[in-house]
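Enquirer: Quick one: this structure, given as structure tokens, is what I'll be asking you about.
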Amino acid sequence: MQRIDFSVEFVVAGRPVVAKKTGKPRDAWRTKVQNAALAVLANPGAQCEDPVTVTIYHFPETSLDADLDNIAKLLLDGMNQTVYQDDKQVERIVMQKFEELQVISADDLSDTLLDAVIGDGDRTYIRVENTIPREFG
């Protein structure tokens, strides 16, 4: 089977809702993530079927008390049936929050990541790409 390279990146504006929340705030956040992804997908409806790596950088406007793992859960859920078929495909997650006054190197930033870095308000940058296959010698 031929492997097709897959990579998508987007920014979700707003303060993340954590996995502990229930009901409308949780559903609304998942929908917001889904809509942000759909806005940049070249072929909406054709989800990646390969294992993926997800990179998440959160840029909070003010200090963020939420645990990163609780933020990640709803972001990953929001990409189900949109970016990938199921979040079971996620083999690796790279996640970091950048609080105020943290220095970020500007070398080789994509336009999307640069927009997240210099933007206003809470924003979360997400990149999803095929996981590089592991090779054992």
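Just remember, in the structure tokens the first chain shown is A, the second B, etc., residues are 1-based per chain, and ligands are 1-based in the order shown.
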Wanna dump the range 28-107 of chain A-range 114-129 of chain A contacts at 7 Å for me, each residue with its shortest atom pair and the distance in Å to one decimal, counting only C-alpha atoms, ordered by chain and number, as CSV?

Expert:
residue,atom,partner,partner_atom,distance
A:Val52,CA,A:Glu129,CA,5.4
A:Thr53,CA,A:Glu129,CA,5.5
A:Val54,CA,A:Val128,CA,4.6
A:Thr55,CA,A:Arg127,CA,5.1
A:Ile56,CA,A:Ile126,CA,4.7
A:Tyr57,CA,A:Tyr125,CA,5.1
A:His58,CA,A:Thr124,CA,4.4
A:Phe59,CA,A:Arg123,CA,5.4
A:Pro60,CA,A:Asp122,CA,4.5
A:Glu61,CA,A:Asp122,CA,4.9

Enquirer: If DSSP is run on the backbone, what residues of chain A are alpha helix (DSSP H)? A reply as a CSV table (one decimal) with C-alpha atoms, in the first residue's frame would be ideal.

Expert:
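What ended up in out.csv:
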chain,number,residue,atom,x,y,z
A,24,LYS,CA,-22.9,22.4,26.4
A,25,PRO,CA,-19.5,23.9,27.1
A,26,ARG,CA,-17.8,20.6,26.2
A,27,ASP,CA,-19.9,20.0,23.1
A,28,ALA,CA,-19.4,23.6,21.9
A,29,TRP,CA,-15.6,23.4,22.3
A,30,ARG,CA,-15.5,20.1,20.4
A,31,THR,CA,-17.5,21.7,17.6
A,32,LYS,CA,-15.2,24.7,17.6
A,33,VAL,CA,-12.2,22.5,17.2
A,34,GLN,CA,-13.9,20.5,14.4
A,35,ASN,CA,-14.9,23.7,12.5
A,36,ALA,CA,-11.3,25.1,12.7
A,37,ALA,CA,-10.0,21.9,11.2
A,38,LEU,CA,-12.6,21.8,8.5
A,68,LEU,CA,-2.6,19.9,29.8
A,69,ASP,CA,-3.9,16.3,29.6
A,70,ASN,CA,-7.5,17.5,30.3
A,71,ILE,CA,-7.1,20.1,27.5
A,72,ALA,CA,-5.7,17.5,25.1
A,73,LYS,CA,-8.6,15.1,25.5
A,74,LEU,CA,-11.3,17.4,24.0
A,75,LEU,CA,-9.0,18.7,21.3
A,76,LEU,CA,-8.3,15.1,20.2
A,77,ASP,CA,-12.0,14.2,20.4
A,78,GLY,CA,-12.9,17.3,18.3
A,111,ASP,CA,2.5,31.1,8.9
A,112,THR,CA,-0.1,29.3,11.0
A,113,LEU,CA,2.1,28.9,14.0
A,114,LEU,CA,3.4,32.5,13.7
A,115,ASP,CA,-0.3,33.7,13.7
A,116,ALA,CA,-0.8,31.7,17.0
A,117,VAL,CA,2.4,33.1,18.6
A,118,ILE,CA,1.6,36.8,17.9

Enquirer: Provide the CA of Ala39 in chain A to CA of Gly23 in chain A distance in Å, to one decimal place.

Expert: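 Taking CA of Ala39 in chain A as the start and CA of Gly23 in chain A as the end point, the length is 24.6 Å.
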
Enquirer: Name the residues of range 25-105 of chain A that fall into strand (DSSP E or B) according to DSSP on the backbone, using the chain letters and numbers of this document, as a PyMOL selection string.

Expert: chain A and resi 48+52-59+80+84+90-97

Enquirer: Env of Cys48 in chain A: 12 Å cut, atoms = only C-alpha atoms, seq-sep filter 6 positions within chain, self excluded. Answer as a PDB file with N, CA and C atoms, in the first residue's frame.

Expert:
ATOM      1  N   ARG A   3       1.931   4.945   0.854  1.00  0.00           N
ATOM      2  CA  ARG A   3       1.666   5.866   1.958  1.00  0.00           C
ATOM      3  C   ARG A   3       1.532   7.277   1.405  1.00  0.00           C
ATOM      4  N   ILE A   4       0.480   7.964   1.794  1.00  0.00           N
ATOM      5  CA  ILE A   4       0.257   9.346   1.367  1.00  0.00           C
ATOM      6  C   ILE A   4       0.624  10.259   2.525  1.00  0.00           C
ATOM      7  N   ASP A   5       1.515  11.230   2.257  1.00  0.00           N
ATOM      8  CA  ASP A   5       1.871  12.179   3.302  1.00  0.00           C
ATOM      9  C   ASP A   5       0.661  13.019   3.665  1.00  0.00           C
ATOM     10  N   PHE A   6       0.475  13.223   4.953  1.00  0.00           N
ATOM     11  CA  PHE A   6      -0.658  13.982   5.444  1.00  0.00           C
ATOM     12  C   PHE A   6      -0.164  14.945   6.503  1.00  0.00           C
ATOM     13  N   SER A   7      -0.543  16.200   6.381  1.00  0.00           N
ATOM     14  CA  SER A   7      -0.205  17.195   7.388  1.00  0.00           C
ATOM     15  C   SER A   7      -1.230  18.313   7.313  1.00  0.00           C
ATOM     16  N   VAL A   8      -1.735  18.716   8.459  1.00  0.00           N
ATOM     17  CA  VAL A   8      -2.670  19.828   8.526  1.00  0.00           C
ATOM     18  C   VAL A   8      -2.366  20.605   9.804  1.00  0.00           C
ATOM     19  N   LEU A  41      -8.872  22.011   5.897  1.00  0.00           N
ATOM     20  CA  LEU A  41      -8.663  20.724   5.232  1.00  0.00           C
ATOM     21  C   LEU A  41      -8.891  20.850   3.731  1.00  0.00           C
ATOM     22  N   ALA A  42      -7.962  20.314   2.961  1.00  0.00           N
ATOM     23  CA  ALA A  42      -8.061  20.374   1.499  1.00  0.00           C
ATOM     24  C   ALA A  42      -9.238  19.545   0.993  1.00  0.00           C
ATOM     25  N   MET A  79     -11.290  16.278  16.791  1.00  0.00           N
ATOM     26  CA  MET A  79     -10.760  15.959  15.458  1.00  0.00           C
ATOM     27  C   MET A  79     -11.224  14.595  14.948  1.00  0.00           C
ATOM     28  N   ASN A  80     -11.937  13.822  15.805  1.00  0.00           N
ATOM     29  CA  ASN A  80     -12.512  12.544  15.366  1.00  0.00           C
ATOM     30  C   ASN A  80     -13.451  12.770  14.191  1.00  0.00           C
ATOM     31  N   GLN A  81     -13.367  11.885  13.204  1.00  0.00           N
ATOM     32  CA  GLN A  81     -14.235  11.930  12.024  1.00  0.00           C
ATOM     33  C   GLN A  81     -14.093  13.228  11.227  1.00  0.00           C
ATOM     34  N   THR A  82     -13.033  13.994  11.506  1.00  0.00           N
ATOM     35  CA  THR A  82     -12.774  15.220  10.763  1.00  0.00           C
ATOM     36  C   THR A  82     -11.369  15.180  10.190  1.00  0.00           C
ATOM     37  N   VAL A  83     -10.374  15.154  11.085  1.00  0.00           N
ATOM     38  CA  VAL A  83      -8.976  15.093  10.657  1.00  0.00           C
ATOM     39  C   VAL A  83      -8.538  13.640  10.503  1.00  0.00           C
ATOM     40  N   TYR A  84      -8.928  12.827  11.456  1.00  0.00           N
ATOM     41  CA  TYR A  84      -8.654  11.387  11.403  1.00  0.00           C
ATOM     42  C   TYR A  84      -9.942  10.654  11.754  1.00  0.00           C
ATOM     43  N   GLN A  85      -9.941   9.352  11.512  1.00  0.00           N
ATOM     44  CA  GLN A  85     -11.162   8.588  11.769  1.00  0.00           C
ATOM     45  C   GLN A  85     -11.459   8.468  13.261  1.00  0.00           C
ATOM     46  N   ASP A  86     -10.404   8.199  14.050  1.00  0.00           N
ATOM     47  CA  ASP A  86     -10.582   8.002  15.485  1.00  0.00           C
ATOM     48  C   ASP A  86      -9.306   8.387  16.199  1.00  0.00           C
ATOM     49  N   ASP A  87      -9.436   8.950  17.392  1.00  0.00           N
ATOM     50  CA  ASP A  87      -8.229   9.366  18.106  1.00  0.00           C
ATOM     51  C   ASP A  87      -7.388   8.183  18.592  1.00  0.00           C
ATOM     52  N   GLN A  89      -5.872   6.527  16.577  1.00  0.00           N
ATOM     53  CA  GLN A  89      -4.772   6.600  15.610  1.00  0.00           C
ATOM     54  C   GLN A  89      -3.609   7.446  16.122  1.00  0.00           C
ATOM     55  N   VAL A  90      -3.841   8.222  17.170  1.00  0.00           N
ATOM     56  CA  VAL A  90      -2.795   9.100  17.697  1.00  0.00           C
ATOM     57  C   VAL A  90      -1.754   8.250  18.418  1.00  0.00           C
ATOM     58  N   VAL A 128      -1.379  18.134  12.849  1.00  0.00           N
ATOM     59  CA  VAL A 128      -1.548  16.677  12.793  1.00  0.00           C
ATOM     60  C   VAL A 128      -0.837  16.194  11.544  1.00  0.00           C
ATOM     61  N   GLU A 129      -0.022  15.148  11.700  1.00  0.00           N
ATOM     62  CA  GLU A 129       0.691  14.598  10.547  1.00  0.00           C
ATOM     63  C   GLU A 129       0.881  13.102  10.726  1.00  0.00           C
ATOM     64  N   ASN A 130       1.113  12.435   9.592  1.00  0.00           N
ATOM     65  CA  ASN A 130       1.381  10.999   9.651  1.00  0.00           C
ATOM     66  C   ASN A 130       2.542  10.759  10.607  1.00  0.00           C
ATOM     67  N   THR A 131       2.418   9.740  11.390  1.00  0.00           N
ATOM     68  CA  THR A 131       3.511   9.352  12.263  1.00  0.00           C
ATOM     69  C   THR A 131       4.600   8.708  11.422  1.00  0.00           C
TER      70      THR A 131
END

Enquirer: To one decimal place in Å, what is the distance between CA of Lys97 in chain A and CA of Thr62 in chain A?

Expert: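 Taking CA of Lys97 in chain A and CA of Thr62 in chain A, their separation equals 11.3 Å.
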
Enquirer: Work out how far CA of Val17 in chain A is from CA of Val40 in chain A, in Å to one decimal.

Expert: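 Going from CA of Val40 in chain A over to CA of Val17 in chain A, I get 21.9 Å.
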